$ cat entry-v3.txt   # compact mmCIF, C-alpha atoms
# COMPACT_ATOMS: atom_id res chain seq x y z
CA MET A 147 -47.35 -143.81 61.56
CA LYS A 148 -49.89 -146.55 61.28
CA ASP A 149 -53.49 -145.67 60.68
CA LEU A 150 -55.45 -145.39 63.92
CA VAL A 151 -58.62 -146.81 62.41
CA PRO A 152 -58.24 -149.60 59.84
CA SER A 153 -60.60 -149.92 56.94
CA VAL A 154 -63.71 -151.91 57.81
CA LYS A 155 -65.42 -154.12 55.22
CA ILE A 156 -69.13 -154.57 55.68
CA GLY A 157 -71.01 -157.33 53.91
CA VAL A 158 -74.09 -156.00 52.14
CA SER A 159 -74.75 -158.91 49.81
CA GLU A 160 -78.20 -159.28 51.30
CA LEU A 161 -78.99 -155.74 50.15
CA LYS A 162 -77.10 -155.26 46.91
CA GLY A 163 -75.69 -158.65 46.08
CA GLN A 164 -72.12 -157.46 46.57
CA VAL A 165 -69.64 -156.58 49.27
CA GLY A 166 -69.07 -152.89 49.83
CA THR A 167 -66.21 -151.17 51.61
CA GLN A 168 -66.87 -148.49 54.17
CA PRO A 169 -64.88 -145.32 53.47
CA ARG A 170 -62.01 -144.55 55.78
CA VAL A 171 -62.94 -141.66 58.03
CA TRP A 172 -59.97 -141.01 60.29
CA ILE A 173 -58.04 -137.75 60.56
CA LYS A 174 -54.69 -137.97 58.80
CA ASN A 175 -53.14 -134.83 60.26
CA GLU A 176 -50.86 -135.92 63.11
CA ALA A 177 -51.22 -132.69 65.09
CA ALA A 178 -55.00 -133.03 64.99
CA ARG A 179 -54.84 -136.61 66.18
CA VAL A 180 -52.49 -135.68 69.00
CA GLY A 181 -54.66 -132.75 70.03
CA LEU A 182 -57.83 -134.84 70.11
CA ALA A 183 -56.17 -137.65 72.06
CA GLU A 184 -54.61 -135.28 74.59
CA THR A 185 -57.92 -133.46 75.08
CA LEU A 186 -59.81 -136.69 75.68
CA SER A 187 -57.11 -138.13 77.95
CA THR A 188 -57.14 -135.00 80.08
CA TYR A 189 -60.92 -134.93 80.13
CA VAL A 190 -61.11 -138.51 81.38
CA MET A 191 -58.51 -137.90 84.08
CA MET A 192 -60.14 -134.70 85.28
CA ALA A 193 -63.71 -135.98 85.16
CA PHE A 194 -62.91 -138.94 87.38
CA GLY A 195 -60.61 -136.90 89.63
CA LEU A 196 -62.91 -133.92 90.17
CA GLY A 197 -65.87 -136.25 90.49
CA SER A 198 -64.20 -137.97 93.42
CA VAL A 199 -63.66 -134.63 95.17
CA ALA A 200 -67.25 -133.55 94.55
CA GLN A 201 -68.54 -136.82 95.95
CA VAL A 202 -66.44 -136.59 99.12
CA VAL A 203 -67.24 -132.91 99.75
CA THR A 204 -70.96 -132.95 99.06
CA GLY A 205 -71.38 -136.32 100.77
CA GLN A 206 -69.80 -134.88 103.93
CA GLY A 207 -67.77 -138.03 104.46
CA ALA A 208 -70.58 -140.49 103.78
CA PHE A 209 -69.25 -141.39 100.34
CA GLY A 210 -65.52 -141.36 100.87
CA GLN A 211 -62.63 -139.67 102.63
CA TYR A 212 -59.36 -138.01 101.60
CA ILE A 213 -57.93 -141.42 100.72
CA SER A 214 -60.77 -141.84 98.22
CA ILE A 215 -59.55 -138.78 96.34
CA ASN A 216 -55.97 -140.10 96.33
CA ILE A 217 -57.03 -143.43 94.91
CA ALA A 218 -59.46 -141.91 92.42
CA PHE A 219 -56.94 -139.45 91.00
CA GLY A 220 -54.38 -142.23 90.66
CA LEU A 221 -56.84 -144.43 88.79
CA ALA A 222 -57.99 -141.41 86.77
CA VAL A 223 -54.42 -140.81 85.59
CA ALA A 224 -54.12 -144.49 84.65
CA MET A 225 -57.37 -144.43 82.65
CA GLY A 226 -56.43 -141.18 80.94
CA THR A 227 -53.08 -142.66 79.95
CA TYR A 228 -54.74 -145.73 78.49
CA VAL A 229 -57.08 -143.50 76.46
CA GLY A 230 -54.41 -141.52 74.62
CA GLY A 231 -51.02 -142.89 75.55
CA LYS A 232 -50.16 -144.37 72.17
CA VAL A 233 -51.21 -141.25 70.30
CA SER A 234 -50.14 -138.21 72.31
CA GLY A 235 -48.26 -139.80 75.18
CA ALA A 236 -51.14 -138.66 77.43
CA HIS A 237 -49.15 -136.01 79.28
CA MET A 238 -52.33 -134.49 80.77
CA ASN A 239 -50.04 -132.08 82.59
CA GLY A 240 -48.45 -128.87 81.34
CA ALA A 241 -45.40 -129.44 83.52
CA VAL A 242 -44.80 -132.82 81.89
CA SER A 243 -45.09 -131.36 78.38
CA PHE A 244 -42.81 -128.44 79.25
CA THR A 245 -40.21 -130.76 80.77
CA MET A 246 -40.30 -133.05 77.73
CA CYS A 247 -39.57 -130.02 75.55
CA VAL A 248 -36.66 -128.93 77.75
CA PHE A 249 -35.05 -132.36 77.48
CA GLY A 250 -35.69 -132.77 73.77
CA ARG A 251 -38.40 -135.42 73.99
CA LEU A 252 -41.04 -133.14 72.50
CA THR A 253 -40.57 -130.38 69.93
CA TRP A 254 -41.28 -126.87 71.18
CA LYS A 255 -43.68 -126.24 68.33
CA MET A 256 -45.94 -128.95 69.78
CA LEU A 257 -46.06 -127.39 73.24
CA PRO A 258 -48.91 -124.92 72.50
CA LEU A 259 -51.01 -127.78 71.11
CA TYR A 260 -50.51 -129.87 74.23
CA ILE A 261 -51.22 -126.96 76.56
CA CYS A 262 -54.38 -125.97 74.70
CA ALA A 263 -55.62 -129.57 74.63
CA GLN A 264 -55.00 -129.97 78.35
CA LEU A 265 -56.72 -126.69 79.15
CA LEU A 266 -59.73 -127.63 77.03
CA GLY A 267 -60.00 -131.10 78.52
CA SER A 268 -59.75 -129.76 82.07
CA PHE A 269 -62.30 -127.00 81.42
CA LEU A 270 -64.81 -129.38 79.84
CA ALA A 271 -64.39 -131.87 82.67
CA SER A 272 -65.00 -129.10 85.20
CA GLY A 273 -68.22 -128.16 83.45
CA THR A 274 -69.32 -131.76 83.27
CA ILE A 275 -68.76 -132.44 86.97
CA TYR A 276 -70.44 -129.17 87.93
CA ALA A 277 -73.49 -130.16 85.89
CA ILE A 278 -73.62 -133.67 87.33
CA TYR A 279 -73.19 -132.47 90.91
CA TYR A 280 -75.08 -129.20 90.50
CA GLU A 281 -77.92 -130.12 92.82
CA ALA A 282 -75.61 -131.82 95.30
CA ILE A 283 -73.34 -128.78 95.46
CA HIS A 284 -76.20 -126.34 95.98
CA ASN A 285 -77.86 -128.62 98.51
CA TYR A 286 -74.58 -128.85 100.41
CA CYS A 287 -73.81 -125.13 100.47
CA GLY A 288 -77.37 -123.78 100.42
CA GLY A 289 -76.77 -122.03 97.12
CA ASN A 290 -73.95 -119.91 98.54
CA LEU A 291 -70.86 -120.69 96.46
CA THR A 292 -67.88 -119.87 98.66
CA LEU A 293 -64.11 -120.34 98.68
CA THR A 294 -63.55 -120.65 102.42
CA GLY A 295 -65.47 -121.76 105.47
CA PRO A 296 -67.16 -125.01 106.50
CA LYS A 297 -69.30 -125.12 103.36
CA ALA A 298 -66.67 -124.06 100.82
CA THR A 299 -67.00 -125.72 97.43
CA ALA A 300 -64.47 -123.99 95.17
CA GLY A 301 -61.87 -126.54 96.26
CA ILE A 302 -63.81 -129.22 94.42
CA PHE A 303 -62.36 -127.85 91.19
CA ALA A 304 -59.10 -125.99 91.88
CA THR A 305 -56.51 -126.20 94.64
CA TYR A 306 -56.12 -123.77 97.54
CA PRO A 307 -53.49 -123.58 100.27
CA ALA A 308 -54.11 -124.60 103.87
CA PRO A 309 -54.69 -121.57 106.16
CA TYR A 310 -51.25 -121.95 107.73
CA LEU A 311 -49.34 -122.13 104.44
CA SER A 312 -47.33 -119.15 103.22
CA LEU A 313 -46.75 -118.46 99.53
CA VAL A 314 -43.06 -119.31 99.87
CA ALA A 315 -43.75 -122.62 101.58
CA GLY A 316 -46.51 -123.39 99.10
CA PHE A 317 -44.21 -122.63 96.18
CA VAL A 318 -41.59 -125.01 97.56
CA ASP A 319 -44.32 -127.60 98.15
CA GLN A 320 -45.38 -127.48 94.50
CA VAL A 321 -41.82 -127.49 93.19
CA PHE A 322 -40.94 -130.54 95.27
CA GLY A 323 -44.12 -132.47 94.48
CA THR A 324 -43.73 -131.96 90.73
CA ALA A 325 -40.01 -132.72 90.91
CA MET A 326 -40.77 -136.08 92.48
CA LEU A 327 -43.37 -136.73 89.80
CA LEU A 328 -41.04 -136.04 86.88
CA LEU A 329 -38.04 -137.72 88.52
CA CYS A 330 -40.04 -140.94 88.77
CA VAL A 331 -41.61 -140.54 85.32
CA MET A 332 -38.13 -140.24 83.82
CA ALA A 333 -37.06 -143.37 85.70
CA LEU A 334 -40.11 -145.30 84.51
CA SER A 335 -39.41 -144.35 80.89
CA ASP A 336 -35.68 -145.17 81.08
CA GLN A 337 -35.28 -148.35 79.05
CA LYS A 338 -31.76 -148.88 80.40
CA ASN A 339 -32.94 -148.97 83.98
CA LYS A 340 -35.95 -150.98 85.23
CA PRO A 341 -38.90 -149.94 83.06
CA PRO A 342 -42.32 -151.43 83.87
CA LEU A 343 -43.74 -154.23 81.77
CA ALA A 344 -45.24 -153.15 78.46
CA GLY A 345 -48.86 -152.14 78.97
CA SER A 346 -48.50 -151.62 82.71
CA GLU A 347 -47.03 -148.11 82.49
CA PRO A 348 -50.35 -146.28 82.99
CA VAL A 349 -51.06 -148.20 86.19
CA ILE A 350 -47.59 -147.49 87.57
CA VAL A 351 -47.87 -143.78 86.80
CA GLY A 352 -51.30 -143.78 88.43
CA LEU A 353 -49.82 -145.36 91.56
CA LEU A 354 -47.14 -142.68 91.52
CA VAL A 355 -49.74 -139.90 91.50
CA MET A 356 -51.63 -141.65 94.29
CA LEU A 357 -48.42 -141.86 96.31
CA ILE A 358 -47.76 -138.15 95.87
CA GLY A 359 -51.28 -137.36 97.02
CA MET A 360 -50.97 -139.58 100.08
CA SER A 361 -47.61 -138.13 101.11
CA LEU A 362 -47.52 -134.55 99.78
CA GLY A 363 -51.15 -133.50 99.47
CA SER A 364 -52.22 -131.86 102.71
CA ASN A 365 -50.50 -128.48 102.27
CA SER A 366 -52.23 -127.39 99.09
CA GLY A 367 -53.98 -130.30 97.40
CA TYR A 368 -51.04 -131.48 95.25
CA ALA A 369 -51.94 -129.74 92.00
CA ILE A 370 -48.47 -130.50 90.53
CA ASN A 371 -50.02 -129.58 87.21
CA PRO A 372 -50.55 -126.04 85.84
CA THR A 373 -53.26 -126.91 83.34
CA ARG A 374 -55.14 -129.08 85.81
CA ASP A 375 -55.49 -126.09 88.16
CA ILE A 376 -55.89 -122.96 86.04
CA ALA A 377 -58.65 -124.25 83.73
CA PRO A 378 -60.98 -125.38 86.54
CA ARG A 379 -60.17 -122.17 88.43
CA PHE A 380 -61.27 -120.10 85.46
CA PHE A 381 -64.40 -122.24 85.17
CA THR A 382 -65.35 -121.53 88.78
CA ALA A 383 -64.74 -117.83 88.22
CA ILE A 384 -67.43 -117.70 85.55
CA ALA A 385 -69.72 -120.36 87.05
CA GLY A 386 -70.68 -118.47 90.18
CA TRP A 387 -67.75 -118.32 92.55
CA GLY A 388 -66.49 -115.10 90.99
CA PHE A 389 -62.99 -113.83 90.35
CA GLU A 390 -62.23 -114.02 94.04
CA VAL A 391 -60.84 -117.46 93.10
CA PHE A 392 -57.79 -115.58 91.78
CA ARG A 393 -57.38 -113.48 94.93
CA ALA A 394 -57.93 -116.19 97.51
CA GLY A 395 -54.98 -117.56 99.48
CA ASN A 396 -53.00 -114.34 99.02
CA CYS A 397 -53.34 -114.66 95.22
CA TRP A 398 -52.42 -118.32 95.31
CA TRP A 399 -53.46 -118.98 91.70
CA TRP A 400 -50.04 -118.35 90.16
CA VAL A 401 -48.19 -120.82 92.42
CA PRO A 402 -49.61 -124.04 90.87
CA LEU A 403 -49.17 -122.36 87.50
CA VAL A 404 -45.45 -121.56 87.80
CA ALA A 405 -43.93 -123.81 90.47
CA PRO A 406 -44.69 -127.13 88.71
CA LEU A 407 -42.80 -125.97 85.61
CA ILE A 408 -39.70 -125.38 87.69
CA GLY A 409 -40.18 -128.56 89.68
CA GLY A 410 -40.65 -130.72 86.61
CA VAL A 411 -37.41 -129.61 85.00
CA LEU A 412 -35.59 -129.89 88.33
CA GLY A 413 -36.78 -133.43 89.02
CA ALA A 414 -36.07 -134.69 85.51
CA GLY A 415 -32.66 -133.02 85.59
CA VAL A 416 -31.78 -134.66 88.90
CA TYR A 417 -32.63 -138.09 87.51
CA LYS A 418 -30.53 -137.53 84.41
CA ALA A 419 -27.59 -136.18 86.45
CA PHE A 420 -27.61 -138.97 89.02
CA VAL A 421 -28.65 -141.97 86.90
CA GLU A 422 -29.40 -141.66 83.18
CA LEU A 423 -26.18 -139.99 82.07
CA HIS A 424 -24.10 -142.73 83.68
CA HIS A 425 -25.55 -145.81 81.98
CA PRO A 426 -22.72 -147.83 80.42
CA HIS A 427 -22.72 -148.53 76.72
CA PRO A 428 -24.36 -151.90 75.91
CA SER A 429 -21.05 -153.37 74.75
CA GLU A 430 -19.39 -152.25 77.97
CA GLN A 431 -22.27 -153.69 79.98
CA ASN A 432 -21.75 -157.06 78.28
CA ARG A 433 -18.03 -157.02 79.14
CA VAL A 434 -18.81 -156.25 82.75
CA LEU A 435 -21.54 -158.85 83.22
CA GLY A 436 -20.45 -161.48 80.75
CA GLU A 437 -22.49 -162.44 77.72
CA ASP A 438 -24.47 -165.15 79.52
CA GLU A 439 -24.98 -163.37 82.83
CA HIS A 440 -28.12 -161.57 83.97
CA ILE A 441 -28.17 -158.34 85.90
CA PRO A 442 -28.66 -159.46 89.51
CA LEU A 443 -31.69 -158.28 91.45
CA VAL A 444 -29.38 -157.14 94.21
CA LYS A 445 -26.01 -155.77 93.21
CA ARG A 446 -22.97 -157.54 94.56
CA VAL A 447 -20.81 -155.38 96.81
$ encode --input "entry-v3.txt" --output "structure tokens"
Amino acid sequence: MKDLVPSVKIGVSELKGQVGTQPRVWIKNEAARVGLAETLSTYVMMAFGLGSVAQVVTGQGAFGQYISINIAFGLAVAMGTYVGGKVSGAHMNGAVSFTMCVFGRLTWKMLPLYICAQLLGSFLASGTIYAIYYEAIHNYCGGNLTLTGPKATAGIFATYPAPYLSLVAGFVDQVFGTAMLLLCVMALSDQKNKPPLAGSEPVIVGLLVMLIGMSLGSNSGYAINPTRDIAPRFFTAIAGWGFEVFRAGNCWWWVPLVAPLIGGVLGAGVYKAFVELHHPHPSEQNRVLGEDEHIPLVKRV
């Protein structure tokens, strides 16, 4: 693997009459590099995403609406992917990492590293946004940190079900949302299908997350990510909201922790079963299309 930081030569002839070379100071251990990149990617995504929720909630609609959160989280995913995509893949999602392990795209021994990095990044981002919006949050709720009611603020950080939503329906909601995420991620990464242009992948994945939020977000806030939900939830538990955050919504906390893992594998499996496993061999593709033909934009019937 190429060095992440090349050696930098600094001219110091004015000082010493010679050119010196700055020592190389990067981390050579691959696991360490991956862990740092995944932590920072997740931090960036969560800081922007949670910040958008805090702004909408504490601004009481004056600084954005639900659509603002959808757009912000989509852009946050894109920025997070640009930060660490070439190093760790910028999963930023425990369900993505778990699914990649199931389908052999990530070794199982790397899974704990990814999960820990994502948890750390999410926790640190939660603390950062709480500090930045501390006065706004307390001004909004009058210093009473609650989970439900017209001045509830716990939902800034973790997801909670709508009052009408049962655990069973919420579980299905999270399975389906994450399945759609991983189904589309598998399609976007399939080089034998229609992959996005090089360098545009983060934007496309961000648009995908925005789409999920705009179409599947009202039931429970579209967590679709175990590490994105459990780390901020634990932060709120120790930051003043108390451990009621684990009992709220009929003990909702485990649903966004477990359901996305199932949904991710299901969605990726569906894509492989319906599309990826049936790609013809390149030589066969050439015989079908002809050496000089291009794959048509619309298939002939």
$ residues_near_point --input "entry-v3.txt" --point "(-50.6, -137.7, 71.8)" --cutoff "12 Å" --atoms "all atoms listed in the file" --output "PyMOL selection string"
chain A and resi 176-188+226-238+243+252+256-257+259-261+263-264
$ residues_near_point --input "entry-v3.txt" --point "(-48.7, -144.2, 83.0)" --cutoff "8 Å" --atoms "only C-alpha atoms" --output "VMD selection string"
chain A and resid 223 to 224 227 to 228 231 346 to 352
$ residues_around --input "entry-v3.txt" --residues "Pro296 of chain A" --least-positions-apart "2" --cutoff "9 Å" --atoms "all atoms listed in the file" --output "VMD selection string"
chain A and resid 287 294 298
$ residues_around --input "entry-v3.txt" --residues "segment 400-406 of chain A" --least-positions-apart "2" --cutoff "9 Å" --atoms "only C-alpha atoms" --output "PyMOL selection string"
chain A and resi 240-242+305+313+316-325+368-373+375-376+392+397-398+408-411
$ atom_distance --input "entry-v3.txt" --atom1 "atom CA of Val202 of chain A" --atom2 "atom CA of Gly267 of chain A"
22.3 Å
$ atom_distance --input "entry-v3.txt" --atom1 "atom CA of Met246 of chain A" --atom2 "atom CA of Gln337 of chain A"
16.2 Å
$ closest_residue --input "entry-v3.txt" --among "A:Ile384, A:Ala282, A:Leu328, A:Met360" --to "Phe244 of chain A" --atoms "only C-alpha atoms"
A:Leu328
$ atom_distance --input "entry-v3.txt" --atom1 "atom CA of Glu281 of chain A" --atom2 "atom CA of Ser214 of chain A"
21.5 Å
$ closest_residue --input "entry-v3.txt" --among "A:Gly395, A:Trp254, A:Ala344, A:Leu362" --to "Leu311 of chain A" --atoms "only C-alpha atoms"
A:Gly395
$ residues_around --input "entry-v3.txt" --residues "Tyr279 of chain A" --least-positions-apart "5" --cutoff "9 Å" --atoms "all atoms listed in the file" --output "PyMOL selection string"
chain A and resi 197+200-201+204+274+284
$ residues_around --input "entry-v3.txt" --residues "Phe389 of chain A" --least-positions-apart "6" --cutoff "10 Å" --atoms "only C-alpha atoms" --output "ChimeraX atom specification"
/A:379-383
